[in-house]
file final-v7.pdb (PDB, C-alpha atoms, pLDDT in the B column)
MODEL        1
ATOM      1  CA  MET A1309     208.693-139.973-189.329  1.00 53.00           C
ATOM      2  CA  LEU A1310     205.563-137.953-188.619  1.00 55.00           C
ATOM      3  CA  THR A1311     203.908-140.895-186.891  1.00 66.00           C
ATOM      4  CA  ALA A1312     206.903-141.254-184.589  1.00 68.00           C
ATOM      5  CA  PHE A1313     206.846-137.527-183.863  1.00 60.00           C
ATOM      6  CA  ARG A1314     203.159-137.645-182.996  1.00 61.00           C
ATOM      7  CA  ALA A1315     203.760-140.638-180.690  1.00 68.00           C
ATOM      8  CA  ALA A1316     206.564-138.753-178.915  1.00 67.00           C
ATOM      9  CA  VAL A1317     204.338-135.716-178.461  1.00 63.00           C
ATOM     10  CA  ARG A1318     201.602-137.938-177.001  1.00 66.00           C
ATOM     11  CA  VAL A1319     204.094-139.301-174.455  1.00 70.00           C
ATOM     12  CA  ASP A1320     205.136-135.755-173.544  1.00 68.00           C
ATOM     13  CA  PHE A1321     201.463-134.821-173.220  1.00 65.00           C
ATOM     14  CA  SER A1322     200.863-137.739-170.857  1.00 69.00           C
ATOM     15  CA  ALA A1323     203.859-136.654-168.790  1.00 69.00           C
ATOM     16  CA  ALA A1324     202.522-133.090-168.666  1.00 66.00           C
ATOM     17  CA  ARG A1325     199.168-134.357-167.405  1.00 63.00           C
ATOM     18  CA  GLY A1326     200.997-136.146-164.600  1.00 66.00           C
ATOM     19  CA  LEU A1327     202.671-132.984-163.325  1.00 67.00           C
ATOM     20  CA  GLY A1328     199.673-132.012-161.191  1.00 66.00           C
ATOM     21  CA  ARG A1329     198.984-135.458-159.797  1.00 72.00           C
ATOM     22  CA  PRO A1330     200.194-136.790-156.473  1.00 77.00           C
ATOM     23  CA  GLY A1331     203.473-138.639-156.517  1.00 78.00           C
ATOM     24  CA  GLY A1332     205.654-140.564-154.196  1.00 82.00           C
ATOM     25  CA  ARG A1333     208.950-142.341-153.891  1.00 85.00           C
ATOM     26  CA  VAL A1334     210.692-144.687-151.530  1.00 86.00           C
ATOM     27  CA  GLU A1335     214.312-144.124-150.576  1.00 86.00           C
ATOM     28  CA  GLY A1336     216.503-146.491-148.659  1.00 85.00           C
ATOM     29  CA  ALA A1337     220.075-146.707-147.521  1.00 83.00           C
ATOM     30  CA  TYR A1338     222.103-149.312-145.645  1.00 82.00           C
ATOM     31  CA  GLY A1339     225.543-149.023-144.251  1.00 78.00           C
ATOM     32  CA  ALA A1340     227.925-151.389-142.417  1.00 77.00           C
ATOM     33  CA  LEU A1341     230.856-150.647-140.183  1.00 75.00           C
ATOM     34  CA  ASN A1342     233.455-152.949-138.655  1.00 75.00           C
ATOM     35  CA  THR A1343     234.097-152.121-135.032  1.00 74.00           C
ATOM     36  CA  ALA A1344     237.496-152.082-133.308  1.00 72.00           C
ATOM     37  CA  GLU A1345     236.545-155.187-131.317  1.00 76.00           C
ATOM     38  CA  GLY A1346     236.044-157.141-134.552  1.00 72.00           C
ATOM     39  CA  GLY A1347     232.328-156.779-134.480  1.00 72.00           C
ATOM     40  CA  PHE A1348     229.995-155.650-137.127  1.00 75.00           C
ATOM     41  CA  PHE A1349     227.720-152.659-136.854  1.00 73.00           C
ATOM     42  CA  GLY A1350     224.996-152.002-139.454  1.00 76.00           C
ATOM     43  CA  THR A1351     222.664-149.080-139.967  1.00 80.00           C
ATOM     44  CA  GLY A1352     219.756-148.607-142.270  1.00 81.00           C
ATOM     45  CA  ASP A1353     217.403-145.863-143.292  1.00 85.00           C
ATOM     46  CA  ILE A1354     214.188-146.025-145.182  1.00 86.00           C
ATOM     47  CA  ALA A1355     212.015-143.079-146.148  1.00 86.00           C
ATOM     48  CA  ILE A1356     208.724-142.783-147.961  1.00 86.00           C
ATOM     49  CA  LYS A1357     208.101-139.369-149.493  1.00 85.00           C
ATOM     50  CA  LEU A1358     204.724-138.301-150.823  1.00 79.00           C
ATOM     51  CA  LYS A1359     203.981-135.031-152.580  1.00 80.00           C
ATOM     52  CA  GLN A1360     200.877-133.290-153.843  1.00 77.00           C
ATOM     53  CA  PRO A1361     201.446-130.121-155.848  1.00 72.00           C
ATOM     54  CA  ILE A1362     199.106-127.407-154.631  1.00 74.00           C
ATOM     55  CA  TYR A1363     200.144-124.485-156.810  1.00 69.00           C
ATOM     56  CA  LYS A1364     203.127-124.049-159.094  1.00 68.00           C
ATOM     57  CA  GLY A1365     202.434-120.619-160.543  1.00 73.00           C
ATOM     58  CA  GLY A1366     200.442-121.923-163.520  1.00 77.00           C
ATOM     59  CA  ARG A1367     203.345-124.027-164.767  1.00 75.00           C
ATOM     60  CA  ILE A1368     201.330-127.250-164.860  1.00 71.00           C
ATOM     61  CA  ARG A1369     198.451-125.741-166.844  1.00 76.00           C
ATOM     62  CA  ALA A1370     200.883-123.987-169.202  1.00 80.00           C
ATOM     63  CA  GLU A1371     202.768-127.239-169.826  1.00 76.00           C
ATOM     64  CA  ARG A1372     199.540-129.106-170.522  1.00 75.00           C
ATOM     65  CA  ASN A1373     198.444-126.396-172.963  1.00 81.00           C
ATOM     66  CA  ARG A1374     201.857-126.433-174.631  1.00 80.00           C
ATOM     67  CA  GLN A1375     201.706-130.195-175.128  1.00 75.00           C
ATOM     68  CA  ARG A1376     198.143-129.970-176.488  1.00 78.00           C
ATOM     69  CA  ALA A1377     199.331-127.355-178.979  1.00 82.00           C
ATOM     70  CA  ARG A1378     202.271-129.571-180.013  1.00 77.00           C
ATOM     71  CA  LEU A1379     199.890-132.497-180.551  1.00 74.00           C
ATOM     72  CA  SER A1380     197.584-130.333-182.657  1.00 78.00           C
ATOM     73  CA  SER A1381     200.564-128.996-184.622  1.00 79.00           C
ATOM     74  CA  ALA A1382     201.748-132.531-185.366  1.00 73.00           C
ATOM     75  CA  GLY A1383     198.282-133.378-186.681  1.00 74.00           C
ATOM     76  CA  ASN A1384     198.317-130.287-188.882  1.00 80.00           C
ATOM     77  CA  ARG A1385     201.736-131.222-190.237  1.00 79.00           C
ATOM     78  CA  VAL A1386     200.476-134.668-191.167  1.00 77.00           C
ATOM     79  CA  GLN A1387     197.494-133.126-192.982  1.00 81.00           C
ATOM     80  CA  ASP A1388     199.792-130.642-194.733  1.00 86.00           C
ATOM     81  CA  THR A1389     201.988-133.499-195.950  1.00 83.00           C
ATOM     82  CA  VAL A1390     198.940-135.409-197.203  1.00 83.00           C
ATOM     83  CA  ASP A1391     197.718-132.317-199.053  1.00 89.00           C
ATOM     84  CA  THR A1392     201.152-131.693-200.590  1.00 89.00           C
ATOM     85  CA  VAL A1393     201.487-135.276-201.837  1.00 88.00           C
ATOM     86  CA  ALA A1394     197.969-135.188-203.292  1.00 89.00           C
ATOM     87  CA  LEU A1395     198.666-131.875-205.043  1.00 91.00           C
ATOM     88  CA  GLN A1396     201.895-133.237-206.534  1.00 92.00           C
ATOM     89  CA  ALA A1397     200.058-136.318-207.826  1.00 90.00           C
ATOM     90  CA  ILE A1398     197.310-134.166-209.377  1.00 89.00           C
ATOM     91  CA  GLN A1399     199.844-131.853-211.014  1.00 92.00           C
ATOM     92  CA  ALA A1400     201.770-134.838-212.383  1.00 92.00           C
ATOM     93  CA  TYR A1401     198.532-136.335-213.750  1.00 91.00           C
ATOM     94  CA  PHE A1402     197.609-133.140-215.603  1.00 89.00           C
ATOM     95  CA  GLU A1403     201.152-132.750-216.884  1.00 92.00           C
ATOM     96  CA  VAL A1404     201.074-136.269-218.385  1.00 93.00           C
ATOM     97  CA  VAL A1405     197.673-135.632-219.976  1.00 91.00           C
ATOM     98  CA  ARG A1406     198.856-132.280-221.388  1.00 91.00           C
ATOM     99  CA  ALA A1407     202.162-133.675-222.671  1.00 93.00           C
ATOM    100  CA  CYS A1408     200.335-136.609-224.294  1.00 92.00           C
ATOM    101  CA  ARG A1409     198.001-134.242-226.140  1.00 92.00           C
ATOM    102  CA  VAL A1410     200.911-132.088-227.306  1.00 95.00           C
ATOM    103  CA  LEU A1411     202.757-135.208-228.490  1.00 96.00           C
ATOM    104  CA  THR A1412     199.708-136.448-230.406  1.00 95.00           C
ATOM    105  CA  LYS A1413     199.246-133.069-232.093  1.00 96.00           C
ATOM    106  CA  SER A1414     202.965-132.902-232.941  1.00 97.00           C
ATOM    107  CA  GLN A1415     202.796-136.363-234.551  1.00 97.00           C
ATOM    108  CA  ARG A1416     199.767-135.308-236.616  1.00 97.00           C
ATOM    109  CA  ASN A1417     201.537-132.119-237.621  1.00 96.00           C
ATOM    110  CA  VAL A1418     204.587-134.072-238.902  1.00 97.00           C
ATOM    111  CA  GLU A1419     202.311-136.321-240.990  1.00 97.00           C
ATOM    112  CA  ILE A1420     200.466-133.353-242.463  1.00 96.00           C
ATOM    113  CA  VAL A1421     203.710-131.527-243.302  1.00 96.00           C
ATOM    114  CA  ARG A1422     205.126-134.718-244.906  1.00 96.00           C
ATOM    115  CA  ARG A1423     202.095-134.885-247.193  1.00 96.00           C
ATOM    116  CA  ILE A1424     202.543-131.224-248.064  1.00 95.00           C
ATOM    117  CA  VAL A1425     206.244-131.814-248.864  1.00 95.00           C
ATOM    118  CA  SER A1426     205.374-134.737-251.156  1.00 94.00           C
ATOM    119  CA  ARG A1427     202.755-132.591-252.947  1.00 94.00           C
ATOM    120  CA  VAL A1428     205.277-129.770-253.379  1.00 93.00           C
ATOM    121  CA  ARG A1429     207.816-132.277-254.754  1.00 93.00           C
ATOM    122  CA  ALA A1430     205.239-133.490-257.247  1.00 93.00           C
ATOM    123  CA  ARG A1431     204.502-129.891-258.270  1.00 91.00           C
ATOM    124  CA  VAL A1432     208.231-129.130-258.684  1.00 91.00           C
ATOM    125  CA  ALA A1433     208.729-132.317-260.690  1.00 90.00           C
ATOM    126  CA  GLY A1434     205.779-131.326-262.899  1.00 89.00           C
ATOM    127  CA  GLY A1435     207.178-127.840-263.416  1.00 88.00           C
ATOM    128  CA  ALA A1436     204.405-126.030-261.508  1.00 88.00           C
ATOM    129  CA  GLY A1437     206.568-125.189-258.484  1.00 85.00           C
ATOM    130  CA  THR A1438     210.022-123.842-257.767  1.00 89.00           C
ATOM    131  CA  SER A1439     212.908-125.239-255.806  1.00 89.00           C
ATOM    132  CA  ALA A1440     212.356-122.415-253.287  1.00 92.00           C
ATOM    133  CA  ASP A1441     208.874-123.816-252.610  1.00 90.00           C
ATOM    134  CA  LEU A1442     210.412-127.231-251.984  1.00 91.00           C
ATOM    135  CA  SER A1443     213.115-125.801-249.703  1.00 93.00           C
ATOM    136  CA  GLN A1444     210.506-123.927-247.699  1.00 95.00           C
ATOM    137  CA  ALA A1445     208.333-127.055-247.325  1.00 93.00           C
ATOM    138  CA  GLU A1446     211.339-129.143-246.267  1.00 94.00           C
ATOM    139  CA  ALA A1447     212.298-126.479-243.694  1.00 96.00           C
ATOM    140  CA  ARG A1448     208.792-126.702-242.277  1.00 96.00           C
ATOM    141  CA  LEU A1449     209.163-130.488-242.097  1.00 95.00           C
ATOM    142  CA  HIS A1450     212.425-130.098-240.147  1.00 96.00           C
ATOM    143  CA  ALA A1451     210.728-127.644-237.779  1.00 96.00           C
ATOM    144  CA  ALA A1452     207.831-130.076-237.280  1.00 96.00           C
ATOM    145  CA  ASN A1453     210.289-132.906-236.560  1.00 96.00           C
ATOM    146  CA  ASN A1454     212.086-130.682-234.025  1.00 97.00           C
ATOM    147  CA  SER A1455     208.767-129.863-232.347  1.00 96.00           C
ATOM    148  CA  LEU A1456     207.972-133.590-232.238  1.00 96.00           C
ATOM    149  CA  ALA A1457     211.321-134.339-230.558  1.00 97.00           C
ATOM    150  CA  VAL A1458     210.667-131.637-227.938  1.00 96.00           C
ATOM    151  CA  ALA A1459     207.163-133.022-227.342  1.00 97.00           C
ATOM    152  CA  GLN A1460     208.597-136.534-226.880  1.00 97.00           C
ATOM    153  CA  LEU A1461     211.099-135.230-224.317  1.00 97.00           C
ATOM    154  CA  GLN A1462     208.365-133.341-222.462  1.00 97.00           C
ATOM    155  CA  TYR A1463     206.179-136.451-222.431  1.00 95.00           C
ATOM    156  CA  SER A1464     209.046-138.531-221.007  1.00 95.00           C
ATOM    157  CA  ALA A1465     209.688-135.883-218.352  1.00 95.00           C
ATOM    158  CA  ALA A1466     205.981-135.820-217.455  1.00 95.00           C
ATOM    159  CA  GLN A1467     205.955-139.611-217.097  1.00 94.00           C
ATOM    160  CA  ALA A1468     208.995-139.443-214.804  1.00 95.00           C
ATOM    161  CA  LEU A1469     207.280-136.748-212.731  1.00 94.00           C
ATOM    162  CA  TYR A1470     204.169-138.934-212.429  1.00 93.00           C
ATOM    163  CA  LEU A1471     206.268-141.935-211.415  1.00 93.00           C
ATOM    164  CA  THR A1472     208.021-139.842-208.767  1.00 92.00           C
ATOM    165  CA  ALA A1473     204.752-138.445-207.394  1.00 91.00           C
ATOM    166  CA  THR A1474     202.720-141.671-207.365  1.00 89.00           C
ATOM    167  CA  GLY A1475     205.237-144.506-207.434  1.00 89.00           C
ATOM    168  CA  ARG A1476     203.527-146.003-210.519  1.00 89.00           C
ATOM    169  CA  HIS A1477     203.897-145.613-214.255  1.00 89.00           C
ATOM    170  CA  PRO A1478     201.096-143.535-215.747  1.00 87.00           C
ATOM    171  CA  GLY A1479     199.990-146.024-218.403  1.00 81.00           C
ATOM    172  CA  LYS A1480     197.109-144.674-220.461  1.00 80.00           C
ATOM    173  CA  LEU A1481     195.525-141.760-218.636  1.00 74.00           C
ATOM    174  CA  GLU A1482     192.338-140.100-219.703  1.00 74.00           C
ATOM    175  CA  GLN A1483     191.125-136.707-218.698  1.00 69.00           C
ATOM    176  CA  ALA A1484     187.682-136.804-217.194  1.00 70.00           C
ATOM    177  CA  ASP A1485     185.018-134.538-218.646  1.00 70.00           C
ATOM    178  CA  LEU A1486     184.425-131.361-216.739  1.00 63.00           C
ATOM    179  CA  PRO A1487     181.117-131.162-214.894  1.00 71.00           C
ATOM    180  CA  ARG A1488     179.768-128.469-217.184  1.00 71.00           C
ATOM    181  CA  HIS A1489     176.460-128.205-215.336  1.00 74.00           C
ATOM    182  CA  HIS A1490     178.404-126.809-212.332  1.00 73.00           C
ATOM    183  CA  LEU A1491     180.274-124.207-214.393  1.00 71.00           C
ATOM    184  CA  PRO A1492     178.874-120.758-215.135  1.00 76.00           C
ATOM    185  CA  LYS A1493     177.482-120.297-218.639  1.00 76.00           C
ATOM    186  CA  SER A1494     179.542-117.203-219.356  1.00 69.00           C
TER     187      SER A1494
ENDMDL
END
call {"tool": "encode", "arguments": {"input": "final-v7.pdb", "output": "structure tokens"}}
result
Amino acid sequence: MLTAFRAAVRVDFSAARGLGRPGGRVEGAYGALNTAEGGFFGTGDIAIKLKQPIYKGGRIRAERNRQRARLSSAGNRVQDTVDTVALQAIQAYFEVVRACRVLTKSQRNVEIVRRIVSRVRARVAGGAGTSADLSQAEARLHAANNSLAVAQLQYSAAQALYLTATGRHPGKLEQADLPRHHLPKS
């Protein structure tokens, strides 16, 4: 769409440049008339008109400047669209990387809490722990499983965002190391 708009503006700009140039046209007319005596009478006219604008109150220069500004504006709109698409792709990339890290940490957390629950069960079975300890550990396991489900949903949403922004599935993305030598030491 933007390419078509820019092409249309270029045509308008070319037309504006032509406003101050000489122009001309040819006009012609022919007519026929039957006479009362049964004859035929024909007439014809031909005219060639030339024009050269001398001064039009600055209208030609203003139109040229207006078309130049439209052409520049179209270029800026194209660049703005490019920048917006690039920003959306970058944001989607970082969202996938972040969601993947959160998902990985949530999976580790569930495994750790499962081990804790099995240890608490062993303690309760051995008489060293109470059923309240077991209930509390199981509640933590349920909370960890809920956090894992939320992390999985966020990861799926991040993948969909990446697909929308780039047109491709993210696959396995890695976050590049920051150029620490360019960052301040503080």
call {"tool": "closest_residue", "arguments": {"input": "final-v7.pdb", "among": "A:Val1405, A:Ala1337, A:Ala1433, A:Ala1377", "to": "Gln1467 (chain A)", "atoms": "all atoms listed in the file"}}
result
A:Val1405
call {"tool": "axis_aligned_box", "arguments": {"input": "final-v7.pdb", "around": "region 1399-1408 of chain A", "padding_each_side": "8 Å", "output": "lines of an AutoDock Vina configuration file"}}
result
center_x = 199.9
center_y = -134.2
center_z = -217.7
size_x = 20.6
size_y = 20.8
size_z = 29.3
call {"tool": "residues_around", "arguments": {"input": "final-v7.pdb", "residues": "Gly1339 (chain A)", "least_positions_apart": "6", "cutoff": "8 Å", "atoms": "all atoms listed in the file", "output": "ChimeraX atom specification"}}
result
/A:1350-1352
call {"tool": "atom_distance", "arguments": {"input": "final-v7.pdb", "atom1": "CA of Asn1454 (chain A)", "atom2": "CA of Ala1473 (chain A)"}}
result
28.7 Å
call {"tool": "closest_residue", "arguments": {"input": "final-v7.pdb", "among": "A:Pro1478, A:Arg1429, A:Val1421, A:Pro1492", "to": "Ala1452 (chain A)", "atoms": "only C-alpha atoms"}}
result
A:Val1421
call {"tool": "atom_distance", "arguments": {"input": "final-v7.pdb", "atom1": "CA of Ser1464 (chain A)", "atom2": "CA of Arg1476 (chain A)"}}
result
14.0 Å
call {"tool": "residues_near_point", "arguments": {"input": "final-v7.pdb", "point": "(199.9, -132.9, -213.3)", "cutoff": "12 Å", "atoms": "all atoms listed in the file", "output": "JSON, numbers by chain"}}
result
{"A": [1393, 1394, 1395, 1396, 1397, 1398, 1399, 1400, 1401, 1402, 1403, 1404, 1405, 1406, 1407, 1408, 1463, 1465, 1466, 1467, 1468, 1469, 1470, 1471, 1472, 1473, 1474, 1478, 1481, 1483]}
call {"tool": "closest_residue", "arguments": {"input": "final-v7.pdb", "among": "A:Val1428, A:Leu1491, A:Ala1355, A:Val1410", "to": "Asp1441 (chain A)", "atoms": "all atoms listed in the file"}}
result
A:Val1428
